[in-house]
Amino acid sequence: MARDLSAYNVPEKLCHTCPFGGKEPIELTPARLVYYYDQLLNGGSQHLCHSAEKTICRGGRTIQQEMVLFDWYH
């Protein structure tokens, strides 16, 4: 069963170490990065923040929003 994320917030800014565009991103193996992008772009899930509890990753959400806008305009 999927986790209820309705009480989770999305921060306005990326974490300093966000793997999706932080100033000093944590390193992910290429395979892990592909896995996360696949989940984000194919409706698999939200990415939870690696540094804050009950928080949806700002970087992951931005990737999803950009993809929706790209699809909408093309």
# chains A, B, ... in the order shown; residues from 1 in each chain; ligands from 1
$ residues_around --residues "His50 (chain A)" --least-positions-apart "3" --cutoff "12 Å" --atoms "only C-alpha atoms" --output "list in words"
Leu14, Cys15, His16, Thr17, Cys18, Pro19, Phe20, Gly22, Pro25, Ile26, His47, Glu53, Lys54, Thr55, Ile56, Cys57, Arg58, Gly59 and Gly60 of chain A
$ write_last_selection --atoms "N, CA, C and O atoms" --output "mmCIF file, in the first residue's frame"
data_model
loop_
_atom_site.group_PDB
_atom_site.id
_atom_site.type_symbol
_atom_site.label_atom_id
_atom_site.label_comp_id
_atom_site.auth_asym_id
_atom_site.auth_seq_id
_atom_site.Cartn_x
_atom_site.Cartn_y
_atom_site.Cartn_z
ATOM 1 N N LEU A 14 15.968 23.939 -2.808
ATOM 2 C CA LEU A 14 16.681 22.664 -2.734
ATOM 3 C C LEU A 14 17.536 22.580 -1.478
ATOM 4 O O LEU A 14 18.054 23.603 -1.007
ATOM 5 N N CYS A 15 17.707 21.386 -0.969
ATOM 6 C CA CYS A 15 18.692 21.166 0.093
ATOM 7 C C CYS A 15 20.079 21.405 -0.501
ATOM 8 O O CYS A 15 20.295 21.196 -1.696
ATOM 9 N N HIS A 16 20.997 21.790 0.312
ATOM 10 C CA HIS A 16 22.375 22.030 -0.115
ATOM 11 C C HIS A 16 22.965 20.785 -0.772
ATOM 12 O O HIS A 16 23.725 20.883 -1.731
ATOM 13 N N THR A 17 22.581 19.607 -0.275
ATOM 14 C CA THR A 17 23.144 18.352 -0.785
ATOM 15 C C THR A 17 22.169 17.554 -1.645
ATOM 16 O O THR A 17 22.349 16.355 -1.867
ATOM 17 N N CYS A 18 21.147 18.213 -2.175
ATOM 18 C CA CYS A 18 20.158 17.521 -3.007
ATOM 19 C C CYS A 18 20.843 16.887 -4.214
ATOM 20 O O CYS A 18 21.586 17.556 -4.940
ATOM 21 N N PRO A 19 20.582 15.597 -4.460
ATOM 22 C CA PRO A 19 21.207 14.940 -5.614
ATOM 23 C C PRO A 19 20.676 15.439 -6.951
ATOM 24 O O PRO A 19 21.241 15.147 -8.000
ATOM 25 N N PHE A 20 19.601 16.222 -6.935
ATOM 26 C CA PHE A 20 18.993 16.734 -8.160
ATOM 27 C C PHE A 20 19.259 18.217 -8.370
ATOM 28 O O PHE A 20 18.417 18.936 -8.901
ATOM 29 N N GLY A 22 21.485 20.285 -5.925
ATOM 30 C CA GLY A 22 22.000 21.036 -4.788
ATOM 31 C C GLY A 22 23.397 21.585 -5.070
ATOM 32 O O GLY A 22 24.061 21.170 -6.016
ATOM 33 N N PRO A 25 25.811 18.312 -4.260
ATOM 34 C CA PRO A 25 24.927 17.140 -4.271
ATOM 35 C C PRO A 25 25.609 15.875 -3.766
ATOM 36 O O PRO A 25 26.797 15.673 -4.003
ATOM 37 N N ILE A 26 24.827 15.068 -3.063
ATOM 38 C CA ILE A 26 25.363 13.768 -2.670
ATOM 39 C C ILE A 26 25.536 12.950 -3.944
ATOM 40 O O ILE A 26 24.809 13.119 -4.917
ATOM 41 N N HIS A 47 9.917 11.492 -4.656
ATOM 42 C CA HIS A 47 11.188 11.213 -3.996
ATOM 43 C C HIS A 47 11.161 11.945 -2.659
ATOM 44 O O HIS A 47 10.899 13.141 -2.610
ATOM 45 N N GLU A 53 12.719 14.900 7.566
ATOM 46 C CA GLU A 53 11.606 13.964 7.746
ATOM 47 C C GLU A 53 10.310 14.533 7.216
ATOM 48 O O GLU A 53 10.071 15.741 7.276
ATOM 49 N N LYS A 54 9.471 13.677 6.702
ATOM 50 C CA LYS A 54 8.142 14.036 6.181
ATOM 51 C C LYS A 54 8.212 15.219 5.212
ATOM 52 O O LYS A 54 7.451 16.179 5.297
ATOM 53 N N THR A 55 9.152 15.125 4.279
ATOM 54 C CA THR A 55 9.350 16.175 3.296
ATOM 55 C C THR A 55 9.560 15.543 1.927
ATOM 56 O O THR A 55 10.327 14.604 1.783
ATOM 57 N N ILE A 56 8.876 16.058 0.932
ATOM 58 C CA ILE A 56 9.070 15.616 -0.443
ATOM 59 C C ILE A 56 10.216 16.423 -1.032
ATOM 60 O O ILE A 56 10.319 17.634 -0.835
ATOM 61 N N CYS A 57 11.080 15.763 -1.753
ATOM 62 C CA CYS A 57 12.284 16.384 -2.313
ATOM 63 C C CYS A 57 11.927 17.503 -3.286
ATOM 64 O O CYS A 57 11.186 17.306 -4.239
ATOM 65 N N ARG A 58 12.453 18.697 -3.040
ATOM 66 C CA ARG A 58 12.225 19.841 -3.930
ATOM 67 C C ARG A 58 12.810 19.561 -5.315
ATOM 68 O O ARG A 58 12.199 19.869 -6.345
ATOM 69 N N GLY A 59 13.999 19.000 -5.366
ATOM 70 C CA GLY A 59 14.632 18.703 -6.654
ATOM 71 C C GLY A 59 13.825 17.706 -7.460
ATOM 72 O O GLY A 59 13.631 17.869 -8.664
ATOM 73 N N GLY A 60 13.349 16.659 -6.802
ATOM 74 C CA GLY A 60 12.527 15.662 -7.479
ATOM 75 C C GLY A 60 11.223 16.256 -7.971
ATOM 76 O O GLY A 60 10.770 15.981 -9.089
#
$ residues_around --residues "Asn42 (chain A)" --least-positions-apart "3" --cutoff "12 Å" --atoms "only C-alpha atoms" --output "VMD selection string"
chain A and resid 34 to 39 45 to 46 63 to 64 67 to 68
$ select_by_dssp --residues "chain A" --states "strand (DSSP E or B)" --output "VMD selection string"
chain A and resid 9 48 55 to 56
$ write_last_selection --atoms "N, CA and C atoms" --output "PDB file, in the first residue's frame"
ATOM      1  N   ASN A   9       5.374  18.155   3.327  1.00  0.00           N
ATOM      2  CA  ASN A   9       5.541  19.441   2.652  1.00  0.00           C
ATOM      3  C   ASN A   9       6.609  19.334   1.571  1.00  0.00           C
ATOM      4  N   LEU A  48      11.409  11.219  -1.583  1.00  0.00           N
ATOM      5  CA  LEU A  48      11.433  11.852  -0.268  1.00  0.00           C
ATOM      6  C   LEU A  48      12.798  12.467  -0.020  1.00  0.00           C
ATOM      7  N   THR A  55       9.152  15.125   4.279  1.00  0.00           N
ATOM      8  CA  THR A  55       9.350  16.175   3.296  1.00  0.00           C
ATOM      9  C   THR A  55       9.560  15.543   1.927  1.00  0.00           C
ATOM     10  N   ILE A  56       8.876  16.058   0.932  1.00  0.00           N
ATOM     11  CA  ILE A  56       9.070  15.616  -0.443  1.00  0.00           C
ATOM     12  C   ILE A  56      10.216  16.423  -1.032  1.00  0.00           C
TER      13      ILE A  56
END
$ select_by_dssp --residues "region 15-73 of chain A" --states "alpha helix (DSSP H)" --output "NGL selection string"
:A and (30-41 or 58-73)
$ write_last_selection --atoms "C-alpha atoms" --output "mmCIF file, in the first residue's frame"
data_model
loop_
_atom_site.group_PDB
_atom_site.id
_atom_site.type_symbol
_atom_site.label_atom_id
_atom_site.label_comp_id
_atom_site.auth_asym_id
_atom_site.auth_seq_id
_atom_site.Cartn_x
_atom_site.Cartn_y
_atom_site.Cartn_z
ATOM 1 C CA PRO A 30 24.512 6.120 -12.396
ATOM 2 C CA ALA A 31 22.202 3.138 -11.868
ATOM 3 C CA ARG A 32 20.628 4.718 -8.786
ATOM 4 C CA LEU A 33 20.177 8.058 -10.551
ATOM 5 C CA VAL A 34 18.468 6.318 -13.491
ATOM 6 C CA TYR A 35 16.189 4.505 -11.009
ATOM 7 C CA TYR A 36 15.146 7.770 -9.326
ATOM 8 C CA TYR A 37 14.529 9.551 -12.629
ATOM 9 C CA ASP A 38 12.463 6.602 -13.838
ATOM 10 C CA GLN A 39 10.329 6.713 -10.696
ATOM 11 C CA LEU A 40 9.892 10.476 -10.905
ATOM 12 C CA LEU A 41 9.105 10.699 -14.612
ATOM 13 C CA ARG A 58 12.225 19.841 -3.930
ATOM 14 C CA GLY A 59 14.632 18.703 -6.654
ATOM 15 C CA GLY A 60 12.527 15.662 -7.479
ATOM 16 C CA ARG A 61 9.326 17.711 -7.561
ATOM 17 C CA THR A 62 10.957 20.280 -9.861
ATOM 18 C CA ILE A 63 11.936 17.508 -12.285
ATOM 19 C CA GLN A 64 8.319 16.317 -12.335
ATOM 20 C CA GLN A 65 6.937 19.829 -12.848
ATOM 21 C CA GLU A 66 9.350 20.540 -15.691
ATOM 22 C CA MET A 67 8.331 17.318 -17.413
ATOM 23 C CA VAL A 68 4.623 18.147 -17.107
ATOM 24 C CA LEU A 69 5.211 21.608 -18.573
ATOM 25 C CA PHE A 70 7.339 20.152 -21.370
ATOM 26 C CA ASP A 71 4.611 17.638 -22.250
ATOM 27 C CA TRP A 72 1.944 20.332 -22.066
ATOM 28 C CA TYR A 73 3.742 22.704 -24.427
#
